[in-house]
file query.cif (mmCIF, C-alpha atoms and all ligand atoms)
data_my_file
#
loop_
_atom_site.label_atom_id
_atom_site.label_comp_id
_atom_site.auth_asym_id
_atom_site.auth_seq_id
_atom_site.Cartn_x
_atom_site.Cartn_y
_atom_site.Cartn_z
CA MET C 1 108.85 54.87 210.48
CA ALA C 2 107.43 58.39 210.12
CA LYS C 3 105.64 59.05 206.83
CA ILE C 4 107.70 60.83 204.25
CA ASN C 5 106.01 63.75 202.52
CA CYS C 6 108.78 66.16 201.67
CA ILE C 7 112.18 65.37 200.17
CA GLY C 8 115.13 67.78 200.33
CA ILE C 9 117.85 67.67 197.67
CA LEU C 10 121.37 69.04 197.91
CA THR C 11 124.61 68.87 195.95
CA SER C 12 127.86 68.90 197.88
CA GLY C 13 131.62 68.77 197.34
CA GLY C 14 133.22 69.20 193.93
CA ASP C 15 130.53 69.70 191.29
CA SER C 16 130.29 67.27 188.40
CA PRO C 17 128.59 67.35 184.99
CA GLY C 18 125.26 65.55 185.32
CA MET C 19 124.40 66.84 188.77
CA ASN C 20 121.65 68.95 187.20
CA ALA C 21 120.26 65.95 185.38
CA ALA C 22 120.16 64.18 188.76
CA ILE C 23 118.38 67.12 190.44
CA ARG C 24 115.83 67.10 187.62
CA SER C 25 115.28 63.38 187.87
CA ILE C 26 114.89 63.33 191.67
CA THR C 27 112.49 66.30 191.56
CA ARG C 28 110.29 64.97 188.81
CA SER C 29 110.14 61.40 189.98
CA ALA C 30 109.39 62.57 193.53
CA ILE C 31 106.59 64.84 192.36
CA SER C 32 105.13 62.17 190.11
CA LYS C 33 104.97 59.86 193.14
CA GLY C 34 103.18 62.42 195.30
CA PHE C 35 106.08 63.89 197.33
CA SER C 36 106.84 67.56 197.65
CA VAL C 37 110.42 68.66 196.98
CA LYS C 38 112.69 71.31 198.42
CA GLY C 39 115.97 72.41 196.87
CA ILE C 40 118.74 73.14 199.38
CA TYR C 41 121.42 75.60 198.18
CA ARG C 42 125.19 75.39 198.76
CA GLY C 43 125.20 71.83 200.08
CA TYR C 44 125.35 71.33 203.83
CA GLU C 45 126.06 75.06 204.27
CA GLY C 46 122.58 75.86 202.97
CA LEU C 47 121.10 73.13 205.12
CA MET C 48 122.60 74.72 208.24
CA ASN C 49 121.69 78.26 207.18
CA ASP C 50 118.22 77.54 205.80
CA GLU C 51 118.88 78.45 202.16
CA ILE C 52 116.01 76.39 200.85
CA SER C 53 113.19 76.80 198.36
CA GLU C 54 110.20 74.79 197.21
CA PHE C 55 110.83 72.98 193.91
CA THR C 56 108.21 72.35 191.23
CA THR C 57 108.63 70.48 187.95
CA GLU C 58 109.33 73.88 186.34
CA SER C 59 112.20 74.56 188.74
CA VAL C 60 114.17 71.92 186.88
CA SER C 61 113.17 72.78 183.30
CA ASN C 62 115.99 73.09 180.78
CA ILE C 63 118.76 72.02 183.09
CA ILE C 64 119.51 68.50 181.84
CA ALA C 65 122.10 69.83 179.37
CA ARG C 66 123.82 72.20 181.79
CA GLY C 67 127.08 71.46 183.60
CA GLY C 68 127.65 72.46 187.22
CA THR C 69 124.76 72.45 189.67
CA ILE C 70 121.85 74.90 189.86
CA LEU C 71 121.79 74.20 193.62
CA LYS C 72 125.43 75.37 193.97
CA SER C 73 127.89 73.36 195.96
CA ALA C 74 130.26 73.75 198.89
CA ARG C 75 132.68 71.80 201.02
CA SER C 76 131.41 72.55 204.52
CA LYS C 77 133.78 72.54 207.48
CA GLU C 78 131.01 73.46 209.92
CA PHE C 79 128.94 70.40 209.03
CA GLN C 80 131.87 68.28 210.20
CA THR C 81 131.16 69.46 213.74
CA PRO C 82 128.33 68.15 215.99
CA GLU C 83 127.10 71.76 216.40
CA GLY C 84 126.87 72.19 212.64
CA ARG C 85 124.92 68.98 212.21
CA GLN C 86 122.56 69.99 215.04
CA LYS C 87 121.90 73.26 213.21
CA ALA C 88 121.17 71.29 210.03
CA TYR C 89 118.71 69.08 211.89
CA GLU C 90 116.90 72.13 213.25
CA THR C 91 116.51 73.50 209.70
CA ILE C 92 115.16 70.16 208.53
CA GLN C 93 112.52 70.22 211.24
CA LYS C 94 111.62 73.84 210.60
CA GLU C 95 111.28 73.23 206.84
CA GLY C 96 109.27 70.03 207.30
CA ILE C 97 111.79 67.97 205.31
CA ASP C 98 111.36 64.23 205.99
CA ALA C 99 114.20 62.74 203.92
CA LEU C 100 117.35 63.98 202.22
CA VAL C 101 118.92 63.10 198.89
CA ILE C 102 122.59 64.06 198.80
CA ILE C 103 124.42 64.18 195.48
CA GLY C 104 128.18 64.20 196.01
CA GLY C 105 131.41 62.31 196.44
CA ASN C 106 133.24 60.63 199.25
CA GLY C 107 133.33 63.52 201.72
CA SER C 108 129.67 64.38 201.14
CA LEU C 109 128.50 60.81 201.68
CA THR C 110 130.69 60.52 204.78
CA GLY C 111 128.87 63.60 206.12
CA ALA C 112 125.51 61.98 205.29
CA ARG C 113 126.51 58.77 207.05
CA ILE C 114 127.42 60.56 210.27
CA PHE C 115 124.33 62.77 210.14
CA ALA C 116 122.06 59.76 209.60
CA GLN C 117 123.64 58.02 212.61
CA GLU C 118 123.00 61.01 214.85
CA PHE C 119 119.50 61.97 213.72
CA ASP C 120 116.46 60.05 212.58
CA VAL C 121 116.46 61.40 209.03
CA PRO C 122 116.53 58.94 206.11
CA CYS C 123 119.40 59.90 203.83
CA ILE C 124 119.89 58.63 200.30
CA GLY C 125 123.13 59.33 198.40
CA LEU C 126 123.82 59.66 194.70
CA PRO C 127 127.42 59.23 193.49
CA GLY C 128 128.24 62.66 192.07
CA THR C 129 131.95 63.01 191.41
CA ILE C 130 134.23 63.09 188.40
CA ASP C 131 136.71 60.85 190.26
CA ASN C 132 134.70 57.60 189.93
CA ASP C 133 136.11 56.57 193.31
CA LEU C 134 132.94 55.46 195.10
CA TYR C 135 132.83 51.78 195.89
CA GLY C 136 129.84 49.66 194.81
CA THR C 137 128.99 51.58 191.66
CA ASP C 138 130.57 51.01 188.27
CA LEU C 139 130.25 54.67 187.40
CA THR C 140 129.74 57.99 189.12
CA ILE C 141 127.89 60.98 187.70
CA GLY C 142 130.30 63.24 185.81
CA TYR C 143 133.08 60.73 185.24
CA ASP C 144 132.21 59.98 181.62
CA THR C 145 131.93 63.66 180.65
CA THR C 146 135.24 64.48 182.30
CA LEU C 147 136.91 61.54 180.62
CA ASN C 148 135.72 62.85 177.26
CA THR C 149 136.87 66.36 178.11
CA ILE C 150 140.34 65.10 178.98
CA VAL C 151 140.57 63.05 175.79
CA ASP C 152 139.57 66.11 173.78
CA CYS C 153 142.32 68.14 175.44
CA VAL C 154 144.95 65.43 174.98
CA ASP C 155 144.06 65.10 171.28
CA LYS C 156 144.81 68.81 170.94
CA ILE C 157 148.02 68.56 172.94
CA ARG C 158 149.09 65.68 170.68
CA ASP C 159 148.94 67.98 167.63
CA THR C 160 151.42 70.44 169.06
CA ALA C 161 153.48 67.71 170.73
CA ASN C 162 153.92 66.08 167.33
CA SER C 163 154.83 69.29 165.55
CA HIS C 164 157.57 70.05 168.05
CA GLU C 165 158.58 66.44 168.79
CA ARG C 166 158.07 66.98 172.49
CA ILE C 167 157.30 64.93 175.58
CA PHE C 168 154.24 66.17 177.43
CA PHE C 169 153.30 65.37 181.00
CA VAL C 170 149.57 66.05 181.30
CA GLU C 171 148.16 66.19 184.81
CA VAL C 172 144.55 65.22 185.35
CA MET C 173 142.23 65.21 188.38
CA GLY C 174 141.02 62.19 190.30
CA ARG C 175 142.14 62.92 193.86
CA ASP C 176 143.49 59.55 195.12
CA ALA C 177 142.08 57.53 192.24
CA GLY C 178 143.59 56.91 188.81
CA PHE C 179 140.46 56.04 186.82
CA LEU C 180 140.51 59.31 184.87
CA ALA C 181 144.24 59.07 184.19
CA GLN C 182 144.31 55.42 183.16
CA ASN C 183 141.25 55.48 180.93
CA SER C 184 142.02 58.83 179.33
CA ALA C 185 145.50 57.48 178.54
CA ILE C 186 144.00 54.47 176.78
CA ALA C 187 141.42 56.56 174.93
CA SER C 188 143.89 59.19 173.76
CA GLY C 189 146.63 56.75 172.78
CA ALA C 190 149.02 58.15 175.37
CA GLU C 191 152.39 56.46 175.89
CA ALA C 192 151.96 55.98 179.63
CA ALA C 193 149.91 56.80 182.70
CA ILE C 194 151.22 57.35 186.20
CA ILE C 195 148.50 56.40 188.66
CA PRO C 196 148.28 55.77 192.41
CA GLU C 197 146.94 52.22 191.99
CA ASP C 198 150.01 50.89 190.19
CA ASN C 199 153.59 50.33 191.48
CA THR C 200 155.46 53.20 193.02
CA ASP C 201 155.49 56.41 190.98
CA ALA C 202 159.23 56.02 190.46
CA ASP C 203 158.76 52.51 188.99
CA GLN C 204 156.14 53.79 186.60
CA LEU C 205 158.38 56.57 185.36
CA GLU C 206 161.31 54.16 185.08
CA HIS C 207 159.15 51.83 183.05
CA PHE C 208 158.22 54.61 180.63
CA ILE C 209 161.81 55.78 180.32
CA GLY C 210 163.09 52.20 180.08
CA ARG C 211 161.10 51.64 176.92
CA GLY C 212 163.20 54.29 175.22
CA ILE C 213 161.40 57.58 175.08
CA ARG C 214 160.49 58.61 171.57
CA LYS C 215 162.74 56.06 169.95
CA SER C 216 160.39 55.69 167.06
CA LYS C 217 157.83 58.33 167.87
CA ASN C 218 157.32 61.98 167.06
CA SER C 219 155.96 62.73 170.49
CA SER C 220 155.20 61.16 173.84
CA ILE C 221 152.35 61.87 176.17
CA VAL C 222 152.28 60.73 179.76
CA ILE C 223 149.06 61.24 181.70
CA VAL C 224 149.78 61.86 185.37
CA SER C 225 147.23 61.47 188.09
CA GLU C 226 147.24 64.47 190.42
CA SER C 227 148.82 63.71 193.75
CA PRO C 228 149.59 65.82 196.78
CA LYS C 229 153.16 64.47 196.76
CA CYS C 230 154.18 64.91 193.15
CA GLY C 231 152.39 65.87 190.01
CA ALA C 232 153.29 66.30 186.35
CA MET C 233 155.81 69.03 187.15
CA PHE C 234 157.82 66.66 189.34
CA TYR C 235 158.17 64.02 186.60
CA ALA C 236 158.88 66.58 183.93
CA ASP C 237 161.70 68.06 186.03
CA ARG C 238 163.19 64.62 186.56
CA VAL C 239 163.18 63.78 182.87
CA LYS C 240 164.57 67.22 182.00
CA LYS C 241 167.44 66.71 184.41
CA GLU C 242 168.26 63.16 183.38
CA TYR C 243 167.60 63.53 179.66
CA PRO C 244 168.46 67.11 178.70
CA GLN C 245 168.27 66.13 175.04
CA TYR C 246 164.47 65.91 175.26
CA ASP C 247 162.13 68.84 174.93
CA VAL C 248 159.69 68.46 177.81
CA ARG C 249 156.49 70.37 178.56
CA VAL C 250 153.80 70.18 181.25
CA SER C 251 150.10 70.77 180.94
CA ILE C 252 147.91 70.79 184.06
CA LEU C 253 144.32 70.59 182.89
CA GLY C 254 142.78 71.84 186.14
CA HIS C 255 139.15 72.78 186.64
CA LEU C 256 138.19 72.86 182.99
CA GLN C 257 137.82 69.09 183.52
CA ARG C 258 134.84 69.63 185.81
CA GLY C 259 132.83 71.89 183.49
CA GLY C 260 130.78 71.44 180.37
CA SER C 261 127.55 69.92 179.22
CA PRO C 262 127.14 66.35 180.46
CA SER C 263 127.53 63.48 178.01
CA ALA C 264 124.47 61.41 177.06
CA ARG C 265 125.87 58.64 179.22
CA ASP C 266 126.05 60.88 182.30
CA ARG C 267 122.57 62.28 181.67
CA ILE C 268 121.12 58.78 181.46
CA LEU C 269 123.07 57.60 184.51
CA ALA C 270 121.93 60.62 186.54
CA SER C 271 118.33 60.16 185.41
CA ARG C 272 118.32 56.49 186.38
CA LEU C 273 120.00 57.08 189.74
CA GLY C 274 117.68 59.99 190.56
CA ALA C 275 114.61 57.86 189.88
CA GLY C 276 116.31 55.06 191.86
CA ALA C 277 116.63 57.39 194.87
CA ILE C 278 112.87 57.92 194.98
CA ASP C 279 112.21 54.18 194.52
CA ALA C 280 114.59 53.56 197.44
CA ILE C 281 112.65 55.96 199.65
CA LEU C 282 109.40 54.24 198.70
CA ASP C 283 111.10 50.90 199.49
CA GLY C 284 111.87 52.13 203.02
CA GLN C 285 115.63 52.23 202.33
CA ARG C 286 117.79 54.67 204.26
CA ASN C 287 121.46 55.49 204.48
CA VAL C 288 122.36 53.92 201.16
CA MET C 289 123.94 55.24 198.01
CA ILE C 290 122.19 54.42 194.75
CA GLY C 291 124.69 52.88 192.37
CA ILE C 292 124.80 51.11 189.08
CA ARG C 293 126.39 47.68 188.70
CA ASN C 294 126.29 45.61 185.52
CA ASP C 295 123.62 47.99 184.25
CA GLU C 296 121.37 47.36 187.27
CA VAL C 297 120.45 49.96 189.88
CA VAL C 298 121.74 48.82 193.29
CA TYR C 299 121.66 50.05 196.90
CA VAL C 300 125.07 50.40 198.52
CA PRO C 301 125.29 51.10 202.29
CA PHE C 302 127.15 54.37 202.95
CA THR C 303 129.88 52.56 204.87
CA ASP C 304 130.66 50.47 201.77
CA ALA C 305 130.34 53.34 199.29
CA ILE C 306 132.98 55.41 201.03
CA ARG C 307 135.52 52.57 201.31
CA SER C 308 138.82 53.71 199.95
CA ASP C 309 139.60 50.57 197.99
CA LYS C 310 137.53 50.74 194.83
CA GLU C 311 139.61 48.51 192.65
CA MET C 312 140.91 49.40 189.26
CA ASN C 313 140.75 46.57 186.76
CA LYS C 314 144.43 45.66 186.33
CA GLY C 315 143.65 44.64 182.76
CA LEU C 316 143.49 48.35 181.94
CA ILE C 317 147.13 48.76 182.93
CA ARG C 318 148.16 45.86 180.71
CA VAL C 319 146.17 47.17 177.76
CA LEU C 320 147.80 50.60 177.90
CA ASP C 321 151.18 48.98 178.27
CA GLU C 322 150.70 46.75 175.26
CA LEU C 323 149.22 49.41 173.03
CA SER C 324 151.75 52.12 173.71
CA ILE C 325 154.84 50.36 172.26
O1 LIG Q 1 136.68 65.37 193.87
C1 LIG Q 1 136.59 66.11 192.70
C2 LIG Q 1 137.84 66.93 192.47
O2 LIG Q 1 137.70 67.60 191.24
C3 LIG Q 1 139.15 66.16 192.53
O3 LIG Q 1 139.43 65.45 191.36
C4 LIG Q 1 140.12 67.27 192.83
O4 LIG Q 1 141.24 66.78 193.51
C5 LIG Q 1 139.33 68.18 193.72
O5 LIG Q 1 137.97 67.91 193.48
C6 LIG Q 1 139.58 69.66 193.50
O6 LIG Q 1 138.85 70.36 194.43
P1 LIG Q 1 138.63 71.93 194.42
O7 LIG Q 1 137.63 72.26 193.35
O8 LIG Q 1 138.11 72.24 195.77
O9 LIG Q 1 139.95 72.55 194.11
#

call {"tool": "encode", "arguments": {"input": "query.cif", "output": "structure tokens"}}
result
Amino acid sequence: MAKINCIGILTSGGDSPGMNAAIRSITRSAISKGFSVKGIYRGYEGLMNDEISEFTTESVSNIIARGGTILKSARSKEFQTPEGRQKAYETIQKEGIDALVIIGGNGSLTGARIFAQEFDVPCIGLPGTIDNDLYGTDLTIGYDTTLNTIVDCVDKIRDTANSHERIFFVEVMGRDAGFLAQNSAIASGAEAAIIPEDNTDADQLEHFIGRGIRKSKNSSIVIVSESPKCGAMFYADRVKKEYPQYDVRVSILGHLQRGGSPSARDRILASRLGAGAIDAILDGQRNVMIGIRNDEVVYVPFTDAIRSDKEMNKGLIRVLDELSI
């Protein structure tokens, strides 16, 4: 295998709090082990268009506490084409980059997997997504911060929901995964969560309604996982129609969930995974995502990481159910 001297870092897809802590960790642990580092801007777009600069330890000073990503991010359509990936490879050669560390979610790691199959460039992935939907890692970078942000918002919504004795449907992100919805519901004491991993959406709503909405409560909060088919608005409309006596409101939290200073947990996770990426390169690993399982750093092949069946612990569903009577 060709000797690795220079490591390129990029962030791709939806940003997540803690990406900067990961960039800092990769940069500093690479430099301390004798590698040079290049920062690639705007994800795969910057890789194709040569938006790259040399990184020193100072390039990553004072970023550990900042949300977003100093490298910027993008969802690149062009990189999904063979021509786009060829362009990216040419930049890599021109810049003298020997290995890539990609921080991103499912789509970004899928891109890395295809690129690594086509070209002889070792690629290491870091799970950077608020959705927590990457298989083989207990946690992804940004998930904990977002969970805390949602809980903060729901606590505030609860105040006004109580005052007006209302039912609130609060829609949260997560793409096809319900980790954010289920766990934020437990942490905020919500009455129910509607998530893709459970029964049909209709069953979940029925179940909530069947318990007797607000029989003994001042307010009810249902956390709804975003879905392309039906979101919080859909359920709210249904309840409004069938139970006109209830005062129903919807709150879609949107992109505020992705911002903000990362939690200590996300900073530590990102720091460990970033250092793990450099250890993996030194170990001769390629085409793996660095994950964390039972508090141990693990290597997860890209094909496993991007599996769509990361399981939710069904115990979480039971706990919410029992506690929301
Ligand atoms: O994957 C992260 C995520 O925030 C999802 O939860 C959400 O569905 C999506 O990205 C939103 O993407 P965009 O910022 O492109 O609207």

call {"tool": "closest_residue", "arguments": {"input": "query.cif", "among": "C:Ile26, C:Leu253, C:Ala2, C:Cys123", "to": "ligand LIG 1 (chain Q)", "atoms": "all atoms listed in the file"}}
result
C:Leu253

call {"tool": "atom_distance", "arguments": {"input": "query.cif", "atom1": "CA of Ser36 in chain C", "atom2": "CA of Lys94 in chain C"}}
result
15.2 Å

call {"tool": "axis_aligned_box", "arguments": {"input": "query.cif", "around": "range 188-203 of chain C", "padding_each_side": "3 Å", "output": "JSON"}}
result
{"center_x": 151.6, "center_y": 54.8, "center_z": 182.9, "size_x": 21.3, "size_y": 14.9, "size_z": 26.2}

call {"tool": "residues_near_ligand", "arguments": {"input": "query.cif", "ligand": "ligand LIG 1 (chain Q)", "cutoff": "6 Å", "atoms": "all atoms listed in the file", "output": "mmCIF file with C-alpha atoms, keeping the file's coordinate frame"}}
result
data_model
loop_
_atom_site.group_PDB
_atom_site.id
_atom_site.type_symbol
_atom_site.label_atom_id
_atom_site.label_comp_id
_atom_site.auth_asym_id
_atom_site.auth_seq_id
_atom_site.Cartn_x
_atom_site.Cartn_y
_atom_site.Cartn_z
ATOM 1 C CA GLY C 14 133.220 69.200 193.930
ATOM 2 C CA THR C 129 131.950 63.010 191.410
ATOM 3 C CA ILE C 130 134.230 63.090 188.400
ATOM 4 C CA ASP C 131 136.710 60.850 190.260
ATOM 5 C CA MET C 173 142.230 65.210 188.380
ATOM 6 C CA GLY C 174 141.020 62.190 190.300
ATOM 7 C CA ARG C 175 142.140 62.920 193.860
#

call {"tool": "closest_residue", "arguments": {"input": "query.cif", "among": "C:Asn183, C:Thr137, C:Gln245, C:Asn148", "to": "Gly291 in chain C", "atoms": "only C-alpha atoms"}}
result
C:Thr137

call {"tool": "atom_distance", "arguments": {"input": "query.cif", "atom1": "CA of Arg113 in chain C", "atom2": "CA of Gly68 in chain C"}}
result
24.1 Å

call {"tool": "closest_residue", "arguments": {"input": "query.cif", "among": "C:Tyr135, C:Arg286, C:Phe208, C:Ser219", "to": "Arg249 in chain C", "atoms": "only C-alpha atoms"}}
result
C:Ser219

call {"tool": "atom_distance", "arguments": {"input": "query.cif", "atom1": "CA of Ile221 in chain C", "atom2": "CA of Val151 in chain C"}}
result
11.8 Å

call {"tool": "residues_around", "arguments": {"input": "query.cif", "residues": "Ile157 in chain C", "least_positions_apart": "6", "cutoff": "9 Å", "atoms": "all atoms listed in the file", "output": "PyMOL selection string"}}
result
chain C and resi 168+170+221+251

call {"tool": "build_atoms", "arguments": {"input": "query.cif", "residues": "range 94-119 of chain C", "atoms": "N, CA, C and O atoms", "output": "mmCIF file, in the coordinates of the input"}}
result
data_model
loop_
_atom_site.group_PDB
_atom_site.id
_atom_site.type_symbol
_atom_site.label_atom_id
_atom_site.label_comp_id
_atom_site.auth_asym_id
_atom_site.auth_seq_id
_atom_site.Cartn_x
_atom_site.Cartn_y
_atom_site.Cartn_z
ATOM 1 N N LYS C 94 112.323 72.588 210.886
ATOM 2 C CA LYS C 94 111.620 73.840 210.600
ATOM 3 C C LYS C 94 110.991 73.814 209.206
ATOM 4 O O LYS C 94 109.877 74.266 208.996
ATOM 5 N N GLU C 95 111.734 73.255 208.242
ATOM 6 C CA GLU C 95 111.280 73.230 206.840
ATOM 7 C C GLU C 95 110.318 72.070 206.565
ATOM 8 O O GLU C 95 109.792 71.952 205.467
ATOM 9 N N GLY C 96 110.154 71.192 207.506
ATOM 10 C CA GLY C 96 109.270 70.030 207.300
ATOM 11 C C GLY C 96 109.826 69.052 206.281
ATOM 12 O O GLY C 96 109.077 68.414 205.542
ATOM 13 N N ILE C 97 111.168 68.927 206.239
ATOM 14 C CA ILE C 97 111.790 67.970 205.310
ATOM 15 C C ILE C 97 111.874 66.608 206.025
ATOM 16 O O ILE C 97 112.327 66.523 207.168
ATOM 17 N N ASP C 98 111.407 65.541 205.345
ATOM 18 C CA ASP C 98 111.360 64.230 205.990
ATOM 19 C C ASP C 98 112.501 63.302 205.557
ATOM 20 O O ASP C 98 112.783 62.303 206.218
ATOM 21 N N ALA C 99 113.091 63.582 204.403
ATOM 22 C CA ALA C 99 114.200 62.740 203.920
ATOM 23 C C ALA C 99 115.114 63.597 203.062
ATOM 24 O O ALA C 99 114.671 64.590 202.473
ATOM 25 N N LEU C 100 116.381 63.193 203.001
ATOM 26 C CA LEU C 100 117.350 63.980 202.220
ATOM 27 C C LEU C 100 117.946 63.130 201.098
ATOM 28 O O LEU C 100 118.230 61.951 201.307
ATOM 29 N N VAL C 101 118.122 63.748 199.939
ATOM 30 C CA VAL C 101 118.920 63.100 198.890
ATOM 31 C C VAL C 101 120.158 63.955 198.679
ATOM 32 O O VAL C 101 120.048 65.159 198.386
ATOM 33 N N ILE C 102 121.311 63.340 198.875
ATOM 34 C CA ILE C 102 122.590 64.060 198.800
ATOM 35 C C ILE C 102 123.329 63.592 197.554
ATOM 36 O O ILE C 102 123.604 62.403 197.397
ATOM 37 N N ILE C 103 123.652 64.538 196.681
ATOM 38 C CA ILE C 103 124.420 64.180 195.480
ATOM 39 C C ILE C 103 125.844 64.674 195.708
ATOM 40 O O ILE C 103 126.069 65.876 195.873
ATOM 41 N N GLY C 104 126.810 63.756 195.753
ATOM 42 C CA GLY C 104 128.180 64.200 196.010
ATOM 43 C C GLY C 104 129.142 63.026 196.046
ATOM 44 O O GLY C 104 128.775 61.884 195.760
ATOM 45 N N GLY C 105 130.365 63.329 196.418
ATOM 46 C CA GLY C 105 131.410 62.310 196.440
ATOM 47 C C GLY C 105 131.645 61.768 197.843
ATOM 48 O O GLY C 105 130.771 61.851 198.718
ATOM 49 N N ASN C 106 132.854 61.268 198.017
ATOM 50 C CA ASN C 106 133.240 60.630 199.250
ATOM 51 C C ASN C 106 132.981 61.432 200.531
ATOM 52 O O ASN C 106 132.342 60.950 201.461
ATOM 53 N N GLY C 107 133.467 62.681 200.534
ATOM 54 C CA GLY C 107 133.330 63.520 201.720
ATOM 55 C C GLY C 107 131.861 63.795 202.017
ATOM 56 O O GLY C 107 131.424 63.774 203.176
ATOM 57 N N SER C 108 131.090 64.032 200.972
ATOM 58 C CA SER C 108 129.670 64.380 201.140
ATOM 59 C C SER C 108 128.889 63.191 201.686
ATOM 60 O O SER C 108 128.021 63.344 202.556
ATOM 61 N N LEU C 109 129.214 61.997 201.199
ATOM 62 C CA LEU C 109 128.500 60.810 201.680
ATOM 63 C C LEU C 109 128.970 60.412 203.078
ATOM 64 O O LEU C 109 128.203 59.860 203.871
ATOM 65 N N THR C 110 130.215 60.741 203.402
ATOM 66 C CA THR C 110 130.690 60.520 204.780
ATOM 67 C C THR C 110 129.882 61.413 205.727
ATOM 68 O O THR C 110 129.420 60.972 206.788
ATOM 69 N N GLY C 111 129.676 62.659 205.325
ATOM 70 C CA GLY C 111 128.870 63.600 206.120
ATOM 71 C C GLY C 111 127.455 63.050 206.304
ATOM 72 O O GLY C 111 126.893 63.079 207.409
ATOM 73 N N ALA C 112 126.889 62.518 205.237
ATOM 74 C CA ALA C 112 125.510 61.980 205.290
ATOM 75 C C ALA C 112 125.447 60.789 206.242
ATOM 76 O O ALA C 112 124.499 60.635 207.008
ATOM 77 N N ARG C 113 126.491 59.960 206.190
ATOM 78 C CA ARG C 113 126.510 58.770 207.050
ATOM 79 C C ARG C 113 126.516 59.163 208.532
ATOM 80 O O ARG C 113 125.750 58.640 209.334
ATOM 81 N N ILE C 114 127.337 60.142 208.866
ATOM 82 C CA ILE C 114 127.420 60.560 210.270
ATOM 83 C C ILE C 114 126.105 61.222 210.700
ATOM 84 O O ILE C 114 125.556 60.937 211.759
ATOM 85 N N PHE C 115 125.586 62.074 209.826
ATOM 86 C CA PHE C 115 124.330 62.770 210.140
ATOM 87 C C PHE C 115 123.196 61.767 210.375
ATOM 88 O O PHE C 115 122.423 61.885 211.326
ATOM 89 N N ALA C 116 123.135 60.752 209.503
ATOM 90 C CA ALA C 116 122.060 59.760 209.600
ATOM 91 C C ALA C 116 122.193 58.899 210.858
ATOM 92 O O ALA C 116 121.212 58.359 211.357
ATOM 93 N N GLN C 117 123.436 58.782 211.359
ATOM 94 C CA GLN C 117 123.640 58.020 212.610
ATOM 95 C C GLN C 117 123.145 58.836 213.805
ATOM 96 O O GLN C 117 122.618 58.302 214.756
ATOM 97 N N GLU C 118 123.325 60.162 213.706
ATOM 98 C CA GLU C 118 123.000 61.010 214.850
ATOM 99 C C GLU C 118 121.516 61.397 214.915
ATOM 100 O O GLU C 118 120.986 61.642 215.991
ATOM 101 N N PHE C 119 120.891 61.499 213.747
ATOM 102 C CA PHE C 119 119.500 61.970 213.720
ATOM 103 C C PHE C 119 118.631 61.017 212.899
ATOM 104 O O PHE C 119 119.113 60.376 211.969
#
